[in-house]
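Okay, input_27.pdb is below, PDB, C-alpha atoms:
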```pdb
ATOM      1  CA  MET A   1      -3.569   8.609 -27.432
ATOM      2  CA  ARG A   2      -2.548  10.251 -24.149
ATOM      3  CA  ASP A   3      -2.572   6.877 -22.410
ATOM      4  CA  GLN A   4      -0.395   5.325 -25.125
ATOM      5  CA  THR A   5       2.093   8.202 -25.011
ATOM      6  CA  PHE A   6       2.326   8.007 -21.217
ATOM      7  CA  MET A   7       2.838   4.234 -21.241
ATOM      8  CA  THR A   8       5.524   4.501 -23.942
ATOM      9  CA  LEU A   9       7.391   7.086 -21.897
ATOM     10  CA  MET A  10       7.115   4.930 -18.775
ATOM     11  CA  LYS A  11       8.459   1.935 -20.675
ATOM     12  CA  LEU A  12      11.565   3.916 -21.667
ATOM     13  CA  LEU A  13      12.107   5.481 -18.244
ATOM     14  CA  PRO A  14      14.699   3.789 -15.967
ATOM     15  CA  LYS A  15      12.085   3.412 -13.223
ATOM     16  CA  SER A  16      14.123   1.470 -10.663
ATOM     17  CA  ALA A  17      17.100   3.839 -10.846
ATOM     18  CA  LEU A  18      14.792   6.858 -10.728
ATOM     19  CA  SER A  19      12.966   5.492  -7.687
ATOM     20  CA  ALA A  20      16.243   4.813  -5.889
ATOM     21  CA  ALA A  21      17.481   8.323  -6.698
ATOM     22  CA  VAL A  22      14.255   9.947  -5.496
ATOM     23  CA  GLY A  23      14.414   7.928  -2.296
ATOM     24  CA  ALA A  24      17.998   8.975  -1.646
ATOM     25  CA  ALA A  25      17.066  12.608  -2.260
ATOM     26  CA  THR A  26      14.156  12.481   0.199
ATOM     27  CA  ARG A  27      16.471  11.037   2.873
ATOM     28  CA  ALA A  28      19.245  13.578   2.269
ATOM     29  CA  ARG A  29      19.843  16.237   4.896
ATOM     30  CA  VAL A  30      19.843  19.673   3.293
ATOM     31  CA  PRO A  31      19.542  23.144   4.821
ATOM     32  CA  ARG A  32      16.401  23.085   6.924
ATOM     33  CA  ALA A  33      14.922  26.143   5.252
ATOM     34  CA  TRP A  34      15.063  24.346   1.899
ATOM     35  CA  HIS A  35      13.208  21.224   2.849
ATOM     36  CA  HIS A  36      10.740  23.128   5.048
ATOM     37  CA  ALA A  37       9.896  25.241   1.999
ATOM     38  CA  LEU A  38       9.638  22.059  -0.090
ATOM     39  CA  ILE A  39       7.261  20.490   2.439
ATOM     40  CA  ARG A  40       5.004  23.538   2.364
ATOM     41  CA  ALA A  41       5.071  23.663  -1.454
ATOM     42  CA  PHE A  42       4.320  19.931  -1.665
ATOM     43  CA  ALA A  43       1.467  20.273   0.845
ATOM     44  CA  ALA A  44      -0.036  23.141  -1.141
ATOM     45  CA  ARG A  45       0.320  21.318  -4.469
ATOM     46  CA  PHE A  46      -1.276  18.068  -3.268
ATOM     47  CA  ARG A  47      -3.620  19.572  -0.644
ATOM     48  CA  VAL A  48      -2.024  17.784   2.316
ATOM     49  CA  ASP A  49      -3.715  18.607   5.600
ATOM     50  CA  LEU A  50      -0.698  19.692   7.645
ATOM     51  CA  ALA A  51      -2.882  20.074  10.736
ATOM     52  CA  GLU A  52      -3.152  16.266  10.912
ATOM     53  CA  ALA A  53       0.605  15.660  10.978
ATOM     54  CA  GLU A  54       2.252  14.709  14.253
ATOM     55  CA  HIS A  55       4.625  17.675  13.825
ATOM     56  CA  GLY A  56       4.659  20.906  11.863
ATOM     57  CA  PRO A  57       7.027  21.187   8.843
ATOM     58  CA  GLU A  58       9.811  22.397  11.130
ATOM     59  CA  GLY A  59       9.657  19.113  13.071
ATOM     60  CA  TYR A  60      11.068  17.003  10.216
ATOM     61  CA  GLU A  61      14.770  16.864   9.381
ATOM     62  CA  THR A  62      14.247  15.450   5.873
ATOM     63  CA  PHE A  63      11.471  15.448   3.313
ATOM     64  CA  GLY A  64      11.276  11.658   3.667
ATOM     65  CA  GLN A  65      10.516  11.964   7.377
ATOM     66  CA  PHE A  66       7.611  14.236   6.511
ATOM     67  CA  PHE A  67       6.321  11.915   3.817
ATOM     68  CA  THR A  68       6.250   8.955   6.218
ATOM     69  CA  ARG A  69       4.803  11.144   8.989
ATOM     70  CA  LYS A  70       2.638   9.832  11.771
ATOM     71  CA  LEU A  71      -0.672  11.487  12.556
ATOM     72  CA  LYS A  72      -1.712  13.194  15.752
ATOM     73  CA  PRO A  73      -3.193  10.717  18.247
ATOM     74  CA  GLY A  74      -6.927  10.105  17.976
ATOM     75  CA  LEU A  75      -7.421  11.289  14.386
ATOM     76  CA  ARG A  76      -8.180   7.811  13.012
ATOM     77  CA  PRO A  77     -10.523   6.094  15.505
ATOM     78  CA  LEU A  78     -11.077   2.379  14.863
ATOM     79  CA  GLU A  79     -14.527   0.933  14.280
ATOM     80  CA  ALA A  80     -15.006  -1.474  17.176
ATOM     81  CA  GLY A  81     -15.720  -5.185  16.869
ATOM     82  CA  GLU A  82     -13.529  -8.259  16.481
ATOM     83  CA  LYS A  83     -15.258  -9.109  13.188
ATOM     84  CA  VAL A  84     -15.342  -5.589  11.766
ATOM     85  CA  VAL A  85     -12.789  -5.128   8.968
ATOM     86  CA  VAL A  86     -11.300  -1.635   8.847
ATOM     87  CA  SER A  87      -9.398   0.166   6.139
ATOM     88  CA  PRO A  88      -5.652  -0.326   6.641
ATOM     89  CA  VAL A  89      -4.816   2.971   4.923
ATOM     90  CA  ASP A  90      -5.948   6.429   3.910
ATOM     91  CA  GLY A  91      -6.615   6.590   0.190
ATOM     92  CA  ALA A  92      -9.280   5.585  -2.321
ATOM     93  CA  VAL A  93     -10.787   2.346  -3.577
ATOM     94  CA  SER A  94      -9.487   1.171  -6.932
ATOM     95  CA  GLN A  95     -11.476  -2.099  -7.071
ATOM     96  CA  ALA A  96     -13.193  -4.338  -4.529
ATOM     97  CA  GLY A  97     -15.290  -7.477  -4.760
ATOM     98  CA  ALA A  98     -15.058 -11.224  -5.159
ATOM     99  CA  LEU A  99     -12.269 -13.094  -6.885
ATOM    100  CA  ASP A 100     -13.343 -14.914 -10.040
ATOM    101  CA  ARG A 101     -11.865 -18.252  -9.001
ATOM    102  CA  ASP A 102      -8.195 -17.229  -8.818
ATOM    103  CA  GLN A 103      -8.504 -14.018 -10.846
ATOM    104  CA  CYS A 104      -8.382 -10.524  -9.340
ATOM    105  CA  LEU A 105      -9.915  -7.609 -11.264
ATOM    106  CA  GLN A 106      -7.430  -4.840 -12.026
ATOM    107  CA  ALA A 107      -9.537  -2.690 -14.373
ATOM    108  CA  LYS A 108     -12.160  -3.184 -17.049
ATOM    109  CA  GLY A 109     -10.919  -5.993 -19.290
ATOM    110  CA  ILE A 110      -7.814  -6.727 -17.196
ATOM    111  CA  SER A 111      -7.502  -9.409 -14.517
ATOM    112  CA  PHE A 112      -4.538 -11.216 -13.022
ATOM    113  CA  PRO A 113      -4.022 -14.481 -11.092
ATOM    114  CA  VAL A 114      -3.614 -14.195  -7.341
ATOM    115  CA  GLY A 115      -0.827 -16.786  -7.491
ATOM    116  CA  LYS A 116       1.217 -14.414  -9.626
ATOM    117  CA  LEU A 117       0.483 -11.531  -7.237
ATOM    118  CA  VAL A 118       1.689 -13.355  -4.106
ATOM    119  CA  GLY A 119       4.304 -15.474  -5.890
ATOM    120  CA  ASP A 120       2.993 -18.708  -4.399
ATOM    121  CA  ASP A 121       0.283 -20.805  -6.081
ATOM    122  CA  LEU A 122      -0.151 -23.000  -2.992
ATOM    123  CA  SER A 123      -0.887 -20.051  -0.698
ATOM    124  CA  ALA A 124      -3.011 -18.413  -3.391
ATOM    125  CA  HIS A 125      -5.233 -21.505  -3.518
ATOM    126  CA  ALA A 126      -6.594 -20.508  -0.086
ATOM    127  CA  PHE A 127      -8.072 -17.369  -1.652
ATOM    128  CA  GLN A 128      -9.901 -18.970  -4.604
ATOM    129  CA  GLY A 129     -13.351 -17.401  -4.862
ATOM    130  CA  GLY A 130     -12.512 -15.118  -1.931
ATOM    131  CA  SER A 131     -12.628 -11.353  -1.458
ATOM    132  CA  PHE A 132     -10.188  -8.662  -2.502
ATOM    133  CA  ALA A 133      -9.902  -4.896  -2.157
ATOM    134  CA  THR A 134      -7.355  -2.780  -4.019
ATOM    135  CA  LEU A 135      -6.674   0.515  -2.243
ATOM    136  CA  TYR A 136      -4.729   3.382  -3.824
ATOM    137  CA  LEU A 137      -2.644   5.878  -1.844
ATOM    138  CA  SER A 138      -2.028   9.216  -3.570
ATOM    139  CA  PRO A 139       0.900  11.546  -2.786
ATOM    140  CA  ARG A 140      -1.306  13.558  -0.408
ATOM    141  CA  ASP A 141      -2.223  10.592   1.780
ATOM    142  CA  TYR A 142      -0.889   9.288   5.068
ATOM    143  CA  HIS A 143       1.499   6.487   4.061
ATOM    144  CA  ARG A 144       1.483   4.019   6.933
ATOM    145  CA  ILE A 145      -0.255   0.644   6.692
ATOM    146  CA  HIS A 146      -2.260  -0.855   9.552
ATOM    147  CA  ALA A 147      -3.801  -4.235  10.350
ATOM    148  CA  PRO A 148      -7.387  -4.489   9.012
ATOM    149  CA  LEU A 149      -8.192  -7.110  11.678
ATOM    150  CA  GLY A 150      -6.521  -8.314  14.828
ATOM    151  CA  GLY A 151      -4.643 -11.585  14.802
ATOM    152  CA  ARG A 152      -1.093 -12.776  14.242
ATOM    153  CA  VAL A 153       1.547 -12.049  11.621
ATOM    154  CA  LEU A 154       2.564 -15.460  10.289
ATOM    155  CA  GLY A 155       5.361 -14.211   8.051
ATOM    156  CA  TYR A 156       6.114 -12.194   4.940
ATOM    157  CA  SER A 157       7.077 -12.593   1.297
ATOM    158  CA  TYR A 158       9.332 -10.137  -0.505
ATOM    159  CA  LEU A 159       9.080 -10.152  -4.291
ATOM    160  CA  PRO A 160      11.473  -7.807  -6.150
ATOM    161  CA  GLY A 161      10.070  -6.298  -9.311
ATOM    162  CA  GLU A 162       9.661  -3.245 -11.476
ATOM    163  CA  PHE A 163       8.484   0.239 -10.532
ATOM    164  CA  TRP A 164       5.643   1.142 -12.878
ATOM    165  CA  PRO A 165       3.329   3.942 -11.729
ATOM    166  CA  VAL A 166       0.113   2.714 -10.122
ATOM    167  CA  ASN A 167      -1.969   5.704 -11.211
ATOM    168  CA  PRO A 168      -5.266   5.169 -13.095
ATOM    169  CA  THR A 169      -3.586   5.396 -16.511
ATOM    170  CA  SER A 170      -1.203   2.529 -15.702
ATOM    171  CA  VAL A 171      -3.936   0.485 -14.037
ATOM    172  CA  ARG A 172      -6.049   0.759 -17.195
ATOM    173  CA  ASN A 173      -3.218  -0.167 -19.554
ATOM    174  CA  LYS A 174      -0.465  -2.262 -17.931
ATOM    175  CA  GLU A 175      -1.253  -5.973 -17.951
ATOM    176  CA  ALA A 176      -0.915  -7.545 -14.485
ATOM    177  CA  LEU A 177       0.558  -4.302 -13.155
ATOM    178  CA  PHE A 178       0.436  -5.332  -9.502
ATOM    179  CA  CYS A 179       2.177  -8.612 -10.291
ATOM    180  CA  VAL A 180       5.018  -6.879 -12.115
ATOM    181  CA  ASN A 181       5.946  -4.300  -9.483
ATOM    182  CA  GLU A 182       7.880  -4.953  -6.282
ATOM    183  CA  ARG A 183       5.722  -6.369  -3.460
ATOM    184  CA  LEU A 184       5.963  -6.957   0.276
ATOM    185  CA  ILE A 185       3.248  -9.347   1.450
ATOM    186  CA  THR A 186       2.291  -9.657   5.110
ATOM    187  CA  TRP A 187       0.609 -12.985   5.880
ATOM    188  CA  MET A 188      -1.842 -12.882   8.778
ATOM    189  CA  ASP A 189      -4.044 -15.254  10.737
ATOM    190  CA  THR A 190      -7.226 -13.309  11.612
ATOM    191  CA  PRO A 191     -10.855 -13.933  12.669
ATOM    192  CA  ALA A 192     -11.430 -14.388   8.915
ATOM    193  CA  GLY A 193      -8.699 -17.031   8.698
ATOM    194  CA  LEU A 194      -5.698 -16.549   6.440
ATOM    195  CA  SER A 195      -5.402 -13.069   4.972
ATOM    196  CA  ALA A 196      -2.753 -11.207   3.000
ATOM    197  CA  VAL A 197      -1.898  -7.511   3.035
ATOM    198  CA  VAL A 198       0.002  -6.864  -0.193
ATOM    199  CA  ALA A 199       2.013  -3.621  -0.332
ATOM    200  CA  VAL A 200       2.829  -2.811  -3.972
ATOM    201  CA  GLY A 201       5.740  -0.565  -4.934
ATOM    202  CA  ALA A 202       5.599   2.028  -7.714
ATOM    203  CA  THR A 203       7.635   4.700  -9.490
ATOM    204  CA  CYS A 204       9.398   6.845  -6.878
ATOM    205  CA  VAL A 205       8.280   4.505  -4.074
ATOM    206  CA  SER A 206      11.880   3.929  -3.191
ATOM    207  CA  ARG A 207      11.259   1.495  -0.342
ATOM    208  CA  ILE A 208       8.584  -0.355   1.630
ATOM    209  CA  HIS A 209       9.160  -0.999   5.326
ATOM    210  CA  ALA A 210       7.667  -3.658   7.600
ATOM    211  CA  ALA A 211       6.846  -2.488  11.134
ATOM    212  CA  TYR A 212       6.979  -5.956  12.743
ATOM    213  CA  ASP A 213      10.514  -6.819  11.556
ATOM    214  CA  GLN A 214      13.672  -5.235  10.144
ATOM    215  CA  VAL A 215      12.501  -5.577   6.542
ATOM    216  CA  VAL A 216      13.173  -2.823   3.994
ATOM    217  CA  THR A 217      12.670  -3.404   0.268
ATOM    218  CA  HIS A 218      14.586  -2.168  -2.786
ATOM    219  CA  THR A 219      17.985  -2.506  -1.154
ATOM    220  CA  GLY A 220      19.383  -5.120  -3.520
ATOM    221  CA  GLN A 221      18.218  -8.250  -1.720
ATOM    222  CA  PRO A 222      16.732 -11.271  -3.548
ATOM    223  CA  SER A 223      13.199 -12.549  -3.144
ATOM    224  CA  LYS A 224      12.468 -14.085   0.231
ATOM    225  CA  ILE A 225       9.686 -16.033   1.937
ATOM    226  CA  HIS A 226       9.865 -16.051   5.719
ATOM    227  CA  ARG A 227       7.560 -17.755   8.225
ATOM    228  CA  TYR A 228       7.899 -17.016  11.932
ATOM    229  CA  PRO A 229       8.236 -20.036  14.258
ATOM    230  CA  ASP A 230       6.217 -17.992  16.746
ATOM    231  CA  ALA A 231       3.643 -15.792  15.055
ATOM    232  CA  ILE A 232       3.657 -12.112  16.069
ATOM    233  CA  PRO A 233       0.426 -10.937  17.734
ATOM    234  CA  VAL A 234      -1.114  -7.717  16.386
ATOM    235  CA  GLN A 235      -4.190  -5.746  17.339
ATOM    236  CA  LYS A 236      -6.552  -4.316  14.756
ATOM    237  CA  GLY A 237      -5.167  -0.937  13.732
ATOM    238  CA  ASP A 238      -1.576  -1.716  14.711
ATOM    239  CA  GLU A 239       0.986  -0.400  12.232
ATOM    240  CA  ILE A 240       2.393  -3.178  10.039
ATOM    241  CA  GLY A 241       4.307  -1.180   7.420
ATOM    242  CA  MET A 242       4.791   2.014   5.456
ATOM    243  CA  PHE A 243       5.609   3.362   2.003
ATOM    244  CA  GLU A 244       8.298   5.942   1.435
ATOM    245  CA  MET A 245       6.041   7.321  -1.307
ATOM    246  CA  GLY A 246       2.419   6.625  -2.308
ATOM    247  CA  SER A 247       1.340   3.341  -3.822
ATOM    248  CA  THR A 248      -1.244   0.538  -3.466
ATOM    249  CA  VAL A 249      -2.350  -2.021  -0.891
ATOM    250  CA  ILE A 250      -4.336  -5.144  -1.848
ATOM    251  CA  LEU A 251      -6.274  -7.098   0.799
ATOM    252  CA  LEU A 252      -7.027 -10.791   0.232
ATOM    253  CA  PHE A 253      -9.416 -13.030   2.185
ATOM    254  CA  ALA A 254     -10.613 -16.610   1.659
ATOM    255  CA  ALA A 255     -13.998 -17.518   0.153
ATOM    256  CA  GLY A 256     -17.032 -16.884   2.335
ATOM    257  CA  LYS A 257     -15.050 -15.139   5.061
ATOM    258  CA  VAL A 258     -15.543 -11.398   4.452
ATOM    259  CA  ARG A 259     -18.447  -9.359   3.088
ATOM    260  CA  TRP A 260     -17.584  -5.857   1.912
ATOM    261  CA  ASP A 261     -19.848  -2.940   2.769
ATOM    262  CA  GLU A 262     -21.976  -1.599  -0.094
ATOM    263  CA  TRP A 263     -20.169   1.740  -0.226
ATOM    264  CA  LEU A 264     -16.787   0.102  -0.946
ATOM    265  CA  ARG A 265     -16.773   0.883  -4.661
ATOM    266  CA  PRO A 266     -14.220   2.392  -7.082
ATOM    267  CA  GLU A 267     -13.129   5.937  -6.168
ATOM    268  CA  ALA A 268     -14.724   5.818  -2.690
ATOM    269  CA  ALA A 269     -12.568   7.743  -0.195
ATOM    270  CA  LEU A 270     -10.905   5.797   2.627
ATOM    271  CA  ARG A 271      -9.698   6.669   6.079
ATOM    272  CA  MET A 272      -7.628   4.278   8.126
ATOM    273  CA  GLY A 273      -9.790   2.710  10.824
ATOM    274  CA  ARG A 274     -13.118   3.165   9.030
ATOM    275  CA  ARG A 275     -15.269   0.057   8.654
ATOM    276  CA  ILE A 276     -15.112  -1.451   5.153
ATOM    277  CA  GLY A 277     -16.667  -4.878   5.765
ATOM    278  CA  GLU A 278     -17.245  -7.690   8.234
ATOM    279  CA  VAL A 279     -16.262 -11.279   8.853
ATOM    280  CA  THR A 280     -19.209 -13.512   7.976
TER
END
```
Can the structure from this file be put into structure tokens for me?
Amino acid sequence: MRDQTFMTLMKLLPKSALSAAVGAATRARVPRAWHHALIRAFAARFRVDLAEAEHGPEGYETFGQFFTRKLKPGLRPLEAGEKVVVSPVDGAVSQAGALDRDQCLQAKGISFPVGKLVGDDLSAHAFQGGSFATLYLSPRDYHRIHAPLGGRVLGYSYLPGEFWPVNPTSVRNKEALFCVNERLITWMDTPAGLSAVVAVGATCVSRIHAAYDQVVTHTGQPSKIHRYPDAIPVQKGDEIGMFEMGSTVILLFAAGKVRWDEWLRPEAALRMGRRIGEVT
């Protein structure tokens, strides 16, 4: 009953307008004492480790700058090895495993086609029978996204969409949730071949940024697929994007290319740079 009530309320809520308003509020410059107090209250409420942040609360001019904070150098060491896949984010595992042909598991009893997720059936065909990992970022987490392997950024796809929450209640109940919400997909050529890093928007995630180009979502632009004439080289662990609020990242690899580590199971805690699998 609680799930049904929550989903009914979310259906009625003007999620896109709310997300835009929240984003504007987090970017607004208000008296410093106000947003410093808000940062400390937020950190206490969600158990954010302020000691990890690049700056103390007084070092951020807006709440949004704090939310997209960098970490102090050296706090997320990378597992070495060209074929070692590392977590691109801090967060927790939602699902991970093998694709059932072209179907990705969302939750018990709910799957969705990869073609619908990436908006391109031809590109999705490369992932049939491949590997996926869905990684959830909570409000307390570090919100920058990093390359899980070294390689080259081939291009990106921007798919406008809705702004449903991506919390466990929505994941259990909203059909094809990750295909409905706004997405920014980074296409990469890696030691595992073609891979996709799918950043999924959510309620109050006002925007998603790419780090390799001047790409910012939820600013009124239409869908776009862009391929670079000269691919952009990236090292494993390089920043490739960020969320303005917490959300979800989905990794996709082709069949027979990546084997996930045994511990990569639902609710397992993640730290950016930690080994999560290997190229086979």
Nearest to A:Val197, chosen from A:Trp260, A:Trp34, A:Phe42, A:Tyr156, with only C-alpha atoms counted in the distances: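 Closest to A:Val197, using only C-alpha atoms: A:Tyr156.
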Taking the file as shown, find all residues satisfying the PyMOL selection byres ((chain A and resi 259) around 8) and write them as an mmCIF file with C-alpha atoms, in the frame of the given file.
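part_14.cif, written as the output of this step:
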```
data_model
loop_
_atom_site.group_PDB
_atom_site.id
_atom_site.type_symbol
_atom_site.label_atom_id
_atom_site.label_comp_id
_atom_site.auth_asym_id
_atom_site.auth_seq_id
_atom_site.Cartn_x
_atom_site.Cartn_y
_atom_site.Cartn_z
ATOM 1 C CA SER A 131 -12.628 -11.353 -1.458
ATOM 2 C CA GLY A 256 -17.032 -16.884 2.335
ATOM 3 C CA LYS A 257 -15.050 -15.139 5.061
ATOM 4 C CA VAL A 258 -15.543 -11.398 4.452
ATOM 5 C CA TRP A 260 -17.584 -5.857 1.912
ATOM 6 C CA ASP A 261 -19.848 -2.940 2.769
ATOM 7 C CA GLY A 277 -16.667 -4.878 5.765
ATOM 8 C CA GLU A 278 -17.245 -7.690 8.234
ATOM 9 C CA VAL A 279 -16.262 -11.279 8.853
ATOM 10 C CA THR A 280 -19.209 -13.512 7.976
#
```
Using all atoms listed in the file, pick whichever of A:Phe178, A:Val89, A:Arg29, A:Pro139 has the shortest atom-to-atom distance to A:Val114. A:Phe178
A:Gly119, A:Gly56, A:Gly155, A:Pro73: which is nearest A:Trp187, counting all atoms listed in the file?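 Of A:Gly119, A:Gly56, A:Gly155, A:Pro73, the one nearest A:Trp187 is A:Gly155, counting all atoms listed in the file.
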Using the chain letters and numbering of this document, enumerate as a count of residues only the residues selected by the PyMOL selection byres ((chain A and resi 171) around 12). 34
Expressed in Å, the length from atom CA of A:Gly193 to atom CA of A:Gly150 is 10.9 Å
Taking the file as shown, what set of residues would the PyMOL selection byres ((chain A and resi 61) around 12) give back, as a PyMOL selection string? chain A and resi 26-36+38-39+55-60+62-67+69
Length of the atom CA of A:Asp102 to atom CA of A:Ala254 vector [Å]: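 Computing the Euclidean distance for atom CA of A:Asp102 and atom CA of A:Ala254 yields 10.8 Å.
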At a cut-off of 12 Å around the point (-4.1, 18.1, 11.7) (file coordinates), what residues fall inside when counting all atoms listed in the file? I'd like the answer as a list in words. Val48, Asp49, Leu50, Ala51, Glu52, Ala53, Glu54, His55, Gly56, Pro57, Arg69, Lys70, Leu71, Lys72, Pro73, Gly74, Leu75, Arg76 and Tyr142 of chain A
Just the residues within 12 Å of A:Asp230, please, counting only C-alpha atoms, with nothing from its chain fewer than 5 positions along; format it as a short mmCIF file (atom, residue, chain, number, x, y, z; two decimals) with C-alpha atoms, in the coordinates of the input.
```
data_model
loop_
_atom_site.label_atom_id
_atom_site.label_comp_id
_atom_site.auth_asym_id
_atom_site.auth_seq_id
_atom_site.Cartn_x
_atom_site.Cartn_y
_atom_site.Cartn_z
CA ARG A 152 -1.09 -12.78 14.24
CA VAL A 153 1.55 -12.05 11.62
CA LEU A 154 2.56 -15.46 10.29
CA GLY A 155 5.36 -14.21 8.05
#
```
Name the closest residue to A:Leu135 among the candidates A:Asp120, A:Glu79, A:Asp90, A:Asp189; distances are taken between atoms, counting all atoms listed in the file.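 Residue with the minimum atom-to-atom distance to A:Leu135: A:Asp90.
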Would you please work out which residue, of A:His218, A:Arg265, A:Arg101, A:His143, is nearest to A:Glu182 when using only C-alpha atoms?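 Checking each candidate against A:Glu182, we get A:His218 as the closest.
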Atom pair atom CA of A:Leu159 / atom CA of A:Arg183: separation (Å): 5.1 Å
Give me, as CSV, the closest atom pair and its distance (Å, one decimal) for every residue of stretch 26-114 of chain A within a cut-off of 10 Å of stretch 233-240 of chain A, counting all atoms listed in the file, rows sorted by chain and rising number.
```
residue,atom,partner,partner_atom,distance
A:Arg76,CA,A:Gly237,CA,9.3
A:Pro77,CA,A:Gly237,CA,9.0
A:Leu78,CA,A:Gly237,CA,6.9
A:Glu79,CA,A:Lys236,CA,9.6
A:Ala80,CA,A:Lys236,CA,9.2
A:Gly81,CA,A:Lys236,CA,9.4
A:Glu82,CA,A:Lys236,CA,8.2
A:Val84,CA,A:Lys236,CA,9.4
A:Val85,CA,A:Lys236,CA,8.5
A:Val86,CA,A:Gly237,CA,7.9
A:Ser87,CA,A:Gly237,CA,8.8
A:Pro88,CA,A:Gly237,CA,7.1
A:Val89,CA,A:Gly237,CA,9.6
```
May I ask which of the residues A:Val249, A:Ala231, A:Ala92, A:Ile185 is the closest one to A:Ser138, counting all atoms listed in the file?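 For A:Ser138, the nearest of the given residues is A:Ala92.
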Write stretch 129-145 of chain A as a PDB file, in the coordinates of the input, completed to N, CA and C atoms.
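Now in out.pdb:
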```pdb
ATOM      1  N   GLY A 129     -11.966 -17.790  -5.088  1.00  0.00           N
ATOM      2  CA  GLY A 129     -13.351 -17.401  -4.862  1.00  0.00           C
ATOM      3  C   GLY A 129     -13.539 -16.483  -3.671  1.00  0.00           C
ATOM      4  N   GLY A 130     -12.445 -15.958  -3.115  1.00  0.00           N
ATOM      5  CA  GLY A 130     -12.512 -15.118  -1.931  1.00  0.00           C
ATOM      6  C   GLY A 130     -12.784 -13.652  -2.252  1.00  0.00           C
ATOM      7  N   SER A 131     -12.378 -12.788  -1.331  1.00  0.00           N
ATOM      8  CA  SER A 131     -12.628 -11.353  -1.458  1.00  0.00           C
ATOM      9  C   SER A 131     -11.317 -10.599  -1.608  1.00  0.00           C
ATOM     10  N   PHE A 132     -11.372  -9.508  -2.361  1.00  0.00           N
ATOM     11  CA  PHE A 132     -10.188  -8.662  -2.502  1.00  0.00           C
ATOM     12  C   PHE A 132     -10.619  -7.201  -2.457  1.00  0.00           C
ATOM     13  N   ALA A 133      -9.700  -6.349  -2.075  1.00  0.00           N
ATOM     14  CA  ALA A 133      -9.902  -4.896  -2.157  1.00  0.00           C
ATOM     15  C   ALA A 133      -8.569  -4.268  -2.508  1.00  0.00           C
ATOM     16  N   THR A 134      -8.555  -3.474  -3.570  1.00  0.00           N
ATOM     17  CA  THR A 134      -7.355  -2.780  -4.019  1.00  0.00           C
ATOM     18  C   THR A 134      -7.503  -1.307  -3.654  1.00  0.00           C
ATOM     19  N   LEU A 135      -6.572  -0.805  -2.841  1.00  0.00           N
ATOM     20  CA  LEU A 135      -6.674   0.515  -2.243  1.00  0.00           C
ATOM     21  C   LEU A 135      -5.484   1.368  -2.677  1.00  0.00           C
ATOM     22  N   TYR A 136      -5.772   2.519  -3.250  1.00  0.00           N
ATOM     23  CA  TYR A 136      -4.729   3.382  -3.824  1.00  0.00           C
ATOM     24  C   TYR A 136      -4.410   4.537  -2.888  1.00  0.00           C
ATOM     25  N   LEU A 137      -3.115   4.764  -2.657  1.00  0.00           N
ATOM     26  CA  LEU A 137      -2.644   5.878  -1.844  1.00  0.00           C
ATOM     27  C   LEU A 137      -2.026   6.922  -2.765  1.00  0.00           C
ATOM     28  N   SER A 138      -2.561   8.133  -2.747  1.00  0.00           N
ATOM     29  CA  SER A 138      -2.028   9.216  -3.570  1.00  0.00           C
ATOM     30  C   SER A 138      -0.916   9.941  -2.818  1.00  0.00           C
ATOM     31  N   PRO A 139      -0.182  10.824  -3.476  1.00  0.00           N
ATOM     32  CA  PRO A 139       0.900  11.546  -2.786  1.00  0.00           C
ATOM     33  C   PRO A 139       0.431  12.329  -1.560  1.00  0.00           C
ATOM     34  N   ARG A 140      -0.833  12.739  -1.526  1.00  0.00           N
ATOM     35  CA  ARG A 140      -1.306  13.558  -0.408  1.00  0.00           C
ATOM     36  C   ARG A 140      -1.598  12.740   0.843  1.00  0.00           C
ATOM     37  N   ASP A 141      -1.716  11.428   0.699  1.00  0.00           N
ATOM     38  CA  ASP A 141      -2.223  10.592   1.780  1.00  0.00           C
ATOM     39  C   ASP A 141      -1.174  10.281   2.843  1.00  0.00           C
ATOM     40  N   TYR A 142      -1.677   9.881   3.976  1.00  0.00           N
ATOM     41  CA  TYR A 142      -0.889   9.288   5.068  1.00  0.00           C
ATOM     42  C   TYR A 142      -0.393   7.941   4.578  1.00  0.00           C
ATOM     43  N   HIS A 143       0.899   7.616   4.772  1.00  0.00           N
ATOM     44  CA  HIS A 143       1.499   6.487   4.061  1.00  0.00           C
ATOM     45  C   HIS A 143       1.893   5.310   4.944  1.00  0.00           C
ATOM     46  N   ARG A 144       1.249   5.195   6.092  1.00  0.00           N
ATOM     47  CA  ARG A 144       1.483   4.019   6.933  1.00  0.00           C
ATOM     48  C   ARG A 144       0.338   3.026   6.762  1.00  0.00           C
ATOM     49  N   ILE A 145       0.681   1.742   6.933  1.00  0.00           N
ATOM     50  CA  ILE A 145      -0.255   0.644   6.692  1.00  0.00           C
ATOM     51  C   ILE A 145      -0.558  -0.022   8.026  1.00  0.00           C
TER      52      ILE A 145
END
```
